[in-house]
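K.L.:
PDB, C-alpha atoms, pLDDT in the B column, saved as final_13.pdb, coming up:
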ATOM      1  CA  MET A 327     165.374  91.362  90.699  1.00 33.00           C
ATOM      2  CA  ILE A 328     168.219  91.712  88.208  1.00 33.00           C
ATOM      3  CA  SER A 329     168.954  95.202  86.954  1.00 32.00           C
ATOM      4  CA  HIS A 330     171.501  96.245  84.361  1.00 32.00           C
ATOM      5  CA  CYS A 331     171.695  99.216  81.996  1.00 32.00           C
ATOM      6  CA  GLY A 332     168.149 100.288  82.810  1.00 31.00           C
ATOM      7  CA  LEU A 333     166.758  96.825  82.094  1.00 34.00           C
ATOM      8  CA  THR A 334     164.887  95.273  84.983  1.00 35.00           C
ATOM      9  CA  ASP A 335     163.441  91.799  84.961  1.00 37.00           C
ATOM     10  CA  GLN A 336     160.747  91.128  87.484  1.00 36.00           C
ATOM     11  CA  ALA A 337     158.851  87.902  87.765  1.00 35.00           C
ATOM     12  CA  THR A 338     155.875  87.952  90.050  1.00 33.00           C
ATOM     13  CA  VAL A 339     153.943  84.969  91.281  1.00 35.00           C
ATOM     14  CA  ASP A 340     150.751  85.694  93.179  1.00 37.00           C
ATOM     15  CA  SER A 341     148.761  82.894  94.664  1.00 36.00           C
ATOM     16  CA  GLY A 342     145.684  84.991  95.269  1.00 37.00           C
ATOM     17  CA  PRO A 343     143.718  85.486  98.448  1.00 36.00           C
ATOM     18  CA  LEU A 344     143.661  83.265 101.472  1.00 36.00           C
ATOM     19  CA  ALA A 345     141.826  83.957 104.727  1.00 37.00           C
ATOM     20  CA  TRP A 346     143.967  85.176 107.607  1.00 40.00           C
ATOM     21  CA  ASP A 347     141.551  83.962 110.258  1.00 41.00           C
ATOM     22  CA  ARG A 348     141.500  87.451 111.756  1.00 40.00           C
ATOM     23  CA  GLY A 349     138.507  89.707 112.075  1.00 41.00           C
ATOM     24  CA  GLY A 350     138.477  92.435 109.454  1.00 38.00           C
ATOM     25  CA  VAL A 351     141.347  90.990 107.455  1.00 39.00           C
ATOM     26  CA  SER A 352     140.391  88.772 104.559  1.00 45.00           C
ATOM     27  CA  GLU A 353     143.467  88.226 102.380  1.00 73.00           C
ATOM     28  CA  LEU A 354     147.161  87.512 102.570  1.00 87.00           C
ATOM     29  CA  ASN A 355     148.766  88.454  99.273  1.00 89.00           C
ATOM     30  CA  ALA A 356     152.001  86.988  97.951  1.00 89.00           C
ATOM     31  CA  THR A 357     154.047  90.096  98.834  1.00 92.00           C
ATOM     32  CA  ALA A 358     152.805  90.035 102.433  1.00 94.00           C
ATOM     33  CA  ALA A 359     153.557  86.310 102.578  1.00 94.00           C
ATOM     34  CA  ALA A 360     157.061  86.905 101.215  1.00 93.00           C
ATOM     35  CA  LEU A 361     157.738  89.455 103.974  1.00 96.00           C
ATOM     36  CA  LEU A 362     156.318  87.226 106.694  1.00 96.00           C
ATOM     37  CA  GLY A 363     158.498  84.376 105.435  1.00 94.00           C
ATOM     38  CA  LEU A 364     161.591  86.570 105.672  1.00 95.00           C
ATOM     39  CA  LEU A 365     160.598  87.747 109.151  1.00 96.00           C
ATOM     40  CA  HIS A 366     160.521  84.099 110.289  1.00 92.00           C
ATOM     41  CA  GLU A 367     164.319  84.403 110.265  1.00 91.00           C
ATOM     42  CA  GLY A 368     164.265  87.251 112.784  1.00 93.00           C
ATOM     43  CA  ALA A 369     163.503  90.938 113.191  1.00 95.00           C
ATOM     44  CA  GLN A 370     164.401  93.088 110.185  1.00 95.00           C
ATOM     45  CA  THR A 371     163.986  96.657 109.004  1.00 94.00           C
ATOM     46  CA  GLY A 372     162.269  97.521 105.756  1.00 93.00           C
ATOM     47  CA  GLY A 373     165.619  98.048 104.065  1.00 92.00           C
ATOM     48  CA  GLN A 374     166.876  94.690 105.299  1.00 94.00           C
ATOM     49  CA  LEU A 375     163.716  93.037 103.977  1.00 95.00           C
ATOM     50  CA  VAL A 376     164.215  94.616 100.538  1.00 94.00           C
ATOM     51  CA  SER A 377     167.809  93.326 100.428  1.00 93.00           C
ATOM     52  CA  ALA A 378     166.870  89.881 101.717  1.00 92.00           C
ATOM     53  CA  ALA A 379     164.052  89.580  99.171  1.00 91.00           C
ATOM     54  CA  ARG A 380     166.382  90.450  96.301  1.00 87.00           C
ATOM     55  CA  GLU A 381     168.955  87.954  97.526  1.00 84.00           C
ATOM     56  CA  ARG A 382     166.601  85.087  98.356  1.00 85.00           C
ATOM     57  CA  PHE A 383     164.043  85.212  95.562  1.00 83.00           C
ATOM     58  CA  GLY A 384     164.677  88.237  93.377  1.00 76.00           C
ATOM     59  CA  SER A 385     165.241  86.189  90.241  1.00 73.00           C
ATOM     60  CA  PHE A 386     161.672  84.854  90.288  1.00 79.00           C
ATOM     61  CA  PHE A 387     159.606  87.099  92.588  1.00 84.00           C
ATOM     62  CA  SER A 388     160.085  90.834  92.746  1.00 83.00           C
ATOM     63  CA  VAL A 389     159.465  92.824  95.883  1.00 88.00           C
ATOM     64  CA  THR A 390     160.065  96.537  95.438  1.00 90.00           C
ATOM     65  CA  ARG A 391     161.012  99.003  98.150  1.00 93.00           C
ATOM     66  CA  SER A 392     157.652 100.768  97.761  1.00 94.00           C
ATOM     67  CA  GLN A 393     155.784  97.460  98.148  1.00 94.00           C
ATOM     68  CA  VAL A 394     157.691  96.656 101.343  1.00 95.00           C
ATOM     69  CA  TYR A 395     157.050 100.069 102.905  1.00 94.00           C
ATOM     70  CA  ARG A 396     153.378  99.948 101.883  1.00 95.00           C
ATOM     71  CA  GLU A 397     152.875  96.381 103.152  1.00 96.00           C
ATOM     72  CA  LEU A 398     154.626  96.632 106.557  1.00 96.00           C
ATOM     73  CA  PRO A 399     152.162  99.118 108.140  1.00 95.00           C
ATOM     74  CA  ALA A 400     149.229  97.033 106.849  1.00 95.00           C
ATOM     75  CA  LEU A 401     150.747  93.903 108.391  1.00 97.00           C
ATOM     76  CA  ALA A 402     151.282  95.783 111.665  1.00 96.00           C
ATOM     77  CA  ASP A 403     147.701  97.139 111.643  1.00 95.00           C
ATOM     78  CA  SER A 404     146.485  93.580 111.123  1.00 95.00           C
ATOM     79  CA  GLY A 405     148.506  92.241 114.047  1.00 96.00           C
ATOM     80  CA  LEU A 406     150.698  90.017 111.870  1.00 97.00           C
ATOM     81  CA  VAL A 407     153.877  91.932 112.720  1.00 97.00           C
ATOM     82  CA  ARG A 408     154.772  94.268 115.549  1.00 96.00           C
ATOM     83  CA  LEU A 409     157.332  97.012 115.844  1.00 93.00           C
ATOM     84  CA  GLY A 410     160.687  95.936 117.190  1.00 91.00           C
ATOM     85  CA  LYS A 411     163.747  97.947 118.112  1.00 87.00           C
ATOM     86  CA  GLN A 412     164.372 101.299 116.498  1.00 85.00           C
ATOM     87  CA  GLY A 413     167.681 101.301 114.695  1.00 72.00           C
ATOM     88  CA  PRO A 414     170.069 103.911 113.373  1.00 74.00           C
ATOM     89  CA  ARG A 415     168.739 106.749 111.216  1.00 80.00           C
ATOM     90  CA  SER A 416     165.200 106.097 112.477  1.00 80.00           C
ATOM     91  CA  SER A 417     165.048 102.651 110.875  1.00 86.00           C
ATOM     92  CA  GLN A 418     162.333 100.484 112.380  1.00 91.00           C
ATOM     93  CA  GLN A 419     162.594  96.759 112.907  1.00 94.00           C
ATOM     94  CA  TYR A 420     159.574  94.542 112.439  1.00 96.00           C
ATOM     95  CA  VAL A 421     158.951  91.248 114.239  1.00 96.00           C
ATOM     96  CA  ILE A 422     156.503  88.566 113.138  1.00 97.00           C
ATOM     97  CA  THR A 423     153.762  87.785 115.667  1.00 97.00           C
ATOM     98  CA  ALA A 424     152.163  84.435 116.455  1.00 96.00           C
ATOM     99  CA  ALA A 425     149.198  85.494 114.287  1.00 96.00           C
ATOM    100  CA  GLY A 426     151.655  86.363 111.495  1.00 96.00           C
ATOM    101  CA  LYS A 427     153.259  82.937 111.752  1.00 95.00           C
ATOM    102  CA  LYS A 428     149.834  81.302 111.619  1.00 94.00           C
ATOM    103  CA  ALA A 429     148.765  83.373 108.592  1.00 94.00           C
ATOM    104  CA  PHE A 430     152.032  82.621 106.799  1.00 94.00           C
ATOM    105  CA  LYS A 431     151.775  78.878 107.459  1.00 93.00           C
ATOM    106  CA  ALA A 432     148.162  78.900 106.211  1.00 92.00           C
ATOM    107  CA  TRP A 433     149.212  80.763 103.053  1.00 92.00           C
ATOM    108  CA  LEU A 434     152.183  78.461 102.555  1.00 89.00           C
ATOM    109  CA  GLY A 435     150.012  75.348 102.827  1.00 89.00           C
ATOM    110  CA  GLY A 436     147.266  76.738 100.597  1.00 89.00           C
ATOM    111  CA  GLU A 437     146.628  76.110  96.924  1.00 87.00           C
ATOM    112  CA  PRO A 438     149.268  78.018  94.925  1.00 84.00           C
ATOM    113  CA  GLY A 439     147.100  78.754  91.889  1.00 81.00           C
ATOM    114  CA  PRO A 440     148.610  79.764  88.541  1.00 83.00           C
ATOM    115  CA  ASP A 441     151.919  81.577  88.228  1.00 82.00           C
ATOM    116  CA  HIS A 442     151.930  84.952  86.506  1.00 77.00           C
ATOM    117  CA  LEU A 443     155.156  86.206  85.032  1.00 74.00           C
ATOM    118  CA  ARG A 444     155.744  89.971  84.941  1.00 76.00           C
ATOM    119  CA  SER A 445     158.713  90.630  82.737  1.00 83.00           C
ATOM    120  CA  PRO A 446     159.505  94.147  81.558  1.00 85.00           C
ATOM    121  CA  LEU A 447     161.949  92.544  79.102  1.00 89.00           C
ATOM    122  CA  ILE A 448     159.245  90.445  77.439  1.00 90.00           C
ATOM    123  CA  LEU A 449     156.917  93.461  77.409  1.00 88.00           C
ATOM    124  CA  ARG A 450     159.658  95.483  75.681  1.00 91.00           C
ATOM    125  CA  LEU A 451     160.167  92.694  73.158  1.00 91.00           C
ATOM    126  CA  VAL A 452     156.440  92.634  72.393  1.00 91.00           C
ATOM    127  CA  HIS A 453     156.757  96.285  71.364  1.00 91.00           C
ATOM    128  CA  ALA A 454     160.296  96.117  69.943  1.00 90.00           C
ATOM    129  CA  SER A 455     159.077  96.776  66.398  1.00 89.00           C
ATOM    130  CA  THR A 456     158.571 100.408  67.396  1.00 91.00           C
ATOM    131  CA  LEU A 457     162.266 100.754  68.260  1.00 92.00           C
ATOM    132  CA  THR A 458     165.009 101.634  65.837  1.00 93.00           C
ATOM    133  CA  SER A 459     167.385  98.876  64.795  1.00 93.00           C
ATOM    134  CA  LYS A 460     170.070 100.379  67.032  1.00 94.00           C
ATOM    135  CA  GLN A 461     167.691 100.444  70.018  1.00 94.00           C
ATOM    136  CA  ARG A 462     166.680  96.802  69.447  1.00 93.00           C
ATOM    137  CA  VAL A 463     170.338  95.750  69.323  1.00 94.00           C
ATOM    138  CA  ALA A 464     171.013  97.643  72.568  1.00 94.00           C
ATOM    139  CA  LEU A 465     167.969  96.078  74.256  1.00 94.00           C
ATOM    140  CA  ILE A 466     168.901  92.538  73.249  1.00 95.00           C
ATOM    141  CA  ASP A 467     172.610  92.963  74.025  1.00 95.00           C
ATOM    142  CA  SER A 468     171.826  94.448  77.443  1.00 96.00           C
ATOM    143  CA  ALA A 469     169.394  91.647  78.233  1.00 95.00           C
ATOM    144  CA  LYS A 470     171.978  89.035  77.223  1.00 96.00           C
ATOM    145  CA  VAL A 471     174.481  90.524  79.670  1.00 96.00           C
ATOM    146  CA  VAL A 472     171.900  90.380  82.450  1.00 94.00           C
ATOM    147  CA  TYR A 473     170.791  86.814  81.746  1.00 94.00           C
ATOM    148  CA  ASN A 474     174.303  85.482  81.180  1.00 96.00           C
ATOM    149  CA  GLY A 475     175.220  86.894  84.598  1.00 94.00           C
ATOM    150  CA  GLU A 476     172.107  85.425  86.193  1.00 91.00           C
ATOM    151  CA  HIS A 477     172.776  82.073  84.513  1.00 94.00           C
ATOM    152  CA  GLU A 478     176.332  81.914  85.843  1.00 95.00           C
ATOM    153  CA  SER A 479     175.487  83.010  89.387  1.00 92.00           C
ATOM    154  CA  LEU A 480     172.590  80.567  89.653  1.00 91.00           C
ATOM    155  CA  LYS A 481     174.710  77.701  88.306  1.00 95.00           C
ATOM    156  CA  LEU A 482     177.107  78.347  91.193  1.00 94.00           C
ATOM    157  CA  VAL A 483     174.241  78.397  93.709  1.00 91.00           C
ATOM    158  CA  ALA A 484     172.808  75.172  92.259  1.00 93.00           C
ATOM    159  CA  LYS A 485     176.207  73.512  92.437  1.00 95.00           C
ATOM    160  CA  THR A 486     176.952  74.543  96.031  1.00 95.00           C
ATOM    161  CA  ALA A 487     173.485  74.495  97.631  1.00 93.00           C
ATOM    162  CA  GLU A 488     173.090  71.928 100.375  1.00 94.00           C
ATOM    163  CA  ASP A 489     169.378  72.543 100.928  1.00 93.00           C
ATOM    164  CA  PRO A 490     167.419  70.526  98.321  1.00 95.00           C
ATOM    165  CA  TYR A 491     164.800  73.282  97.926  1.00 92.00           C
ATOM    166  CA  GLU A 492     167.429  75.974  97.408  1.00 90.00           C
ATOM    167  CA  LYS A 493     169.164  73.710  94.878  1.00 92.00           C
ATOM    168  CA  ALA A 494     165.930  72.995  92.973  1.00 93.00           C
ATOM    169  CA  ILE A 495     165.005  76.680  92.876  1.00 91.00           C
ATOM    170  CA  ALA A 496     168.481  77.625  91.629  1.00 90.00           C
ATOM    171  CA  GLU A 497     168.218  74.936  88.935  1.00 93.00           C
ATOM    172  CA  PHE A 498     164.862  76.411  87.920  1.00 92.00           C
ATOM    173  CA  GLY A 499     166.544  79.819  87.676  1.00 90.00           C
ATOM    174  CA  VAL A 500     169.302  78.339  85.506  1.00 94.00           C
ATOM    175  CA  ALA A 501     166.717  76.817  83.164  1.00 94.00           C
ATOM    176  CA  ARG A 502     164.758  80.079  83.026  1.00 92.00           C
ATOM    177  CA  ALA A 503     167.882  82.097  82.231  1.00 94.00           C
ATOM    178  CA  LYS A 504     168.776  79.595  79.498  1.00 96.00           C
ATOM    179  CA  ALA A 505     165.272  79.883  78.041  1.00 95.00           C
ATOM    180  CA  VAL A 506     165.447  83.685  77.954  1.00 95.00           C
ATOM    181  CA  LEU A 507     168.922  83.547  76.358  1.00 96.00           C
ATOM    182  CA  LYS A 508     167.560  81.142  73.736  1.00 97.00           C
ATOM    183  CA  LEU A 509     164.668  83.534  73.083  1.00 95.00           C
ATOM    184  CA  LEU A 510     167.064  86.466  72.717  1.00 95.00           C
ATOM    185  CA  ASP A 511     169.276  84.479  70.321  1.00 95.00           C
ATOM    186  CA  SER A 512     166.259  83.689  68.150  1.00 94.00           C
ATOM    187  CA  ILE A 513     165.277  87.338  67.641  1.00 90.00           C
ATOM    188  CA  PRO A 514     166.794  89.138  64.671  1.00 82.00           C
ATOM    189  CA  LYS A 515     168.448  92.342  65.900  1.00 68.00           C
ATOM    190  CA  ALA A 516     168.001  94.278  62.671  1.00 68.00           C
TER     191      ALA A 516
END
Translate this file's structure into C-alpha cells.

P.N.:
Amino acid sequence: MISHCGLTDQATVDSGPLAWDRGGVSELNATAAALLGLLHEGAQTGGQLVSAARERFGSFFSVTRSQVYRELPALADSGLVRLGKQGPRSSQQYVITAAGKKAFKAWLGGEPGPDHLRSPLILRLVHASTLTSKQRVALIDSAKVVYNGEHESLKLVAKTAEDPYEKAIAEFGVARAKAVLKLLDSIPKA
C-alpha cells in the first residue's frame, strides 16, 4: 500500500473461496492466504505481518492492520495457525501449522479467478467533478508524486531482483505505475 498526503492506493485481488479440507471451515480467502504465505517464512507477530505484507505485495494487494488482527484469531480457531512465543509489549507470534500449509498450498494451486482492483484514487477520480478546480489539481499532483515514487522504486526492484517471479511482479508494478501516470496526465486539472 502506498500512502502519501492522505492518498492511499489499494489494489485487492481475491480469488474467491476454496475448501480448506477441515470440518466446519469452508473457505480460505485471499487475505488469509496472504498471511499464511508470509507465515511460511517463519513465526511473526501481527505487526510484523502488516509490515511484511506492505513490503512484499503492498503495491498490488492491500492487507490492512484491522484485516490482519481480525483474520489471525479466525486462522487460529480453524487450526491453520497456532500461537507462538509472546514477545515484548504483549505481542503474540503466530506459527503456521501443517493444516495451514496444506490449506495455503491448495489455495495457491487453485483457480485464481478474476482480479478485482480496489483503488481509492480511481474512485476519487470518478467523482472528481464534484471537487473544486484547486482540489482536483491537489488530488492529481499528490497522486503523481505517489506513482512516480512507486515507479522509481519498482524499477530498482525489477533491475536488481534475482528471483524471476519477484522480477516479473516488479515489472508488472512498473507497468501499472506507468499506466496510472498516463491516466493522470490525460486528465485536465481545471

K.L.:
To box segment 419-427 of chain A, take all atoms listed in the file, fit an axis-aligned box, add 3 Å on each side, and give centre and edge lengths in Å to one decimal, as JSON.

P.N.:
{"center_x": 155.9, "center_y": 89.8, "center_z": 114.0, "size_x": 19.4, "size_y": 19.8, "size_z": 11.0}

K.L.:
Could you tell me how far atom CA of Glu381 of chain A sits from atom CA of Val471 of chain A, in Å to one decimal place?

P.N.:
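Result for atom CA of Val471 of chain A versus atom CA of Glu381 of chain A: 18.9 Å, one decimal.
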
K.L.:
Evaluating the PyMOL selection byres ((chain A and resi 401) around 12) on the displayed file yields which residues, as number ranges by chain?

P.N.:
A: 346, 348, 351, 353-355, 357-362, 365, 393-400, 402-409, 420-423, 425-427, 429-430

K.L.:
Smallest atom-to-atom distance to Leu480 of chain A: which of A:His366, A:Arg462, A:Arg415, A:Lys504, using all atoms listed in the file?

P.N.:
A:Lys504

K.L.:
What does the structure give for the distance between atom CA of Val376 of chain A and atom CA of Arg391 of chain A, in Å to one decimal?

P.N.:
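Going from atom CA of Val376 of chain A over to atom CA of Arg391 of chain A, I get 5.9 Å.
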
K.L.:
Tell me which of A:Ile495, A:Gly384, A:Pro490, A:Lys470 sits closest to Ile513 of chain A, counting only C-alpha atoms.

P.N.:
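Residue with the minimum atom-to-atom distance to Ile513 of chain A: A:Lys470.
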
K.L.:
Using all atoms listed in the file, can you tell me which of A:Ala503, A:Ala424, A:Leu364, A:Leu434 comes closest to Ser377 of chain A?

P.N.:
A:Leu364

K.L.:
Which distance in Å separates atom CA of Ser445 of chain A and atom CA of Lys431 of chain A, to one decimal?

P.N.:
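Between atom CA of Ser445 of chain A and atom CA of Lys431 of chain A the gap is 28.2 Å.
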
K.L.:
Contacts of Ala484 of chain A at 12 Å or less, counting all atoms listed in the file, minus same-chain residues fewer than 3 places along, as a list in words?

P.N.:
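Listing them by chain and then by number gives Glu476, His477, Glu478, Ser479, Leu480, Lys481, Ala487, Glu488, Asp489, Pro490, Tyr491, Glu492, Lys493, Ala494, Ile495, Ala496, Glu497, Phe498, Gly499, Val500 and Ala501 of chain A.
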
K.L.:
Restricting the calculation to only C-alpha atoms, which member of A:Leu375, A:Val389, A:Ala469, A:Ala369 is positioned closest to Ile448 of chain A?

P.N.:
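Checking each candidate against Ile448 of chain A, we get A:Ala469 as the closest.
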
K.L.:
From the list A:Gly413, A:Thr486, A:Leu510, A:Val452, which residue is nearest Ala464 of chain A when using only C-alpha atoms?

P.N.:
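Once distances to Ala464 of chain A are computed over only C-alpha atoms, the minimum belongs to A:Leu510.
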
K.L.:
Ranking A:Leu451, A:Val472, A:Leu509, A:Thr371 by minimum distance to Ser416 of chain A and counting only C-alpha atoms, which one comes first?

P.N.:
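So, comparing all the options, the nearest one is A:Thr371.
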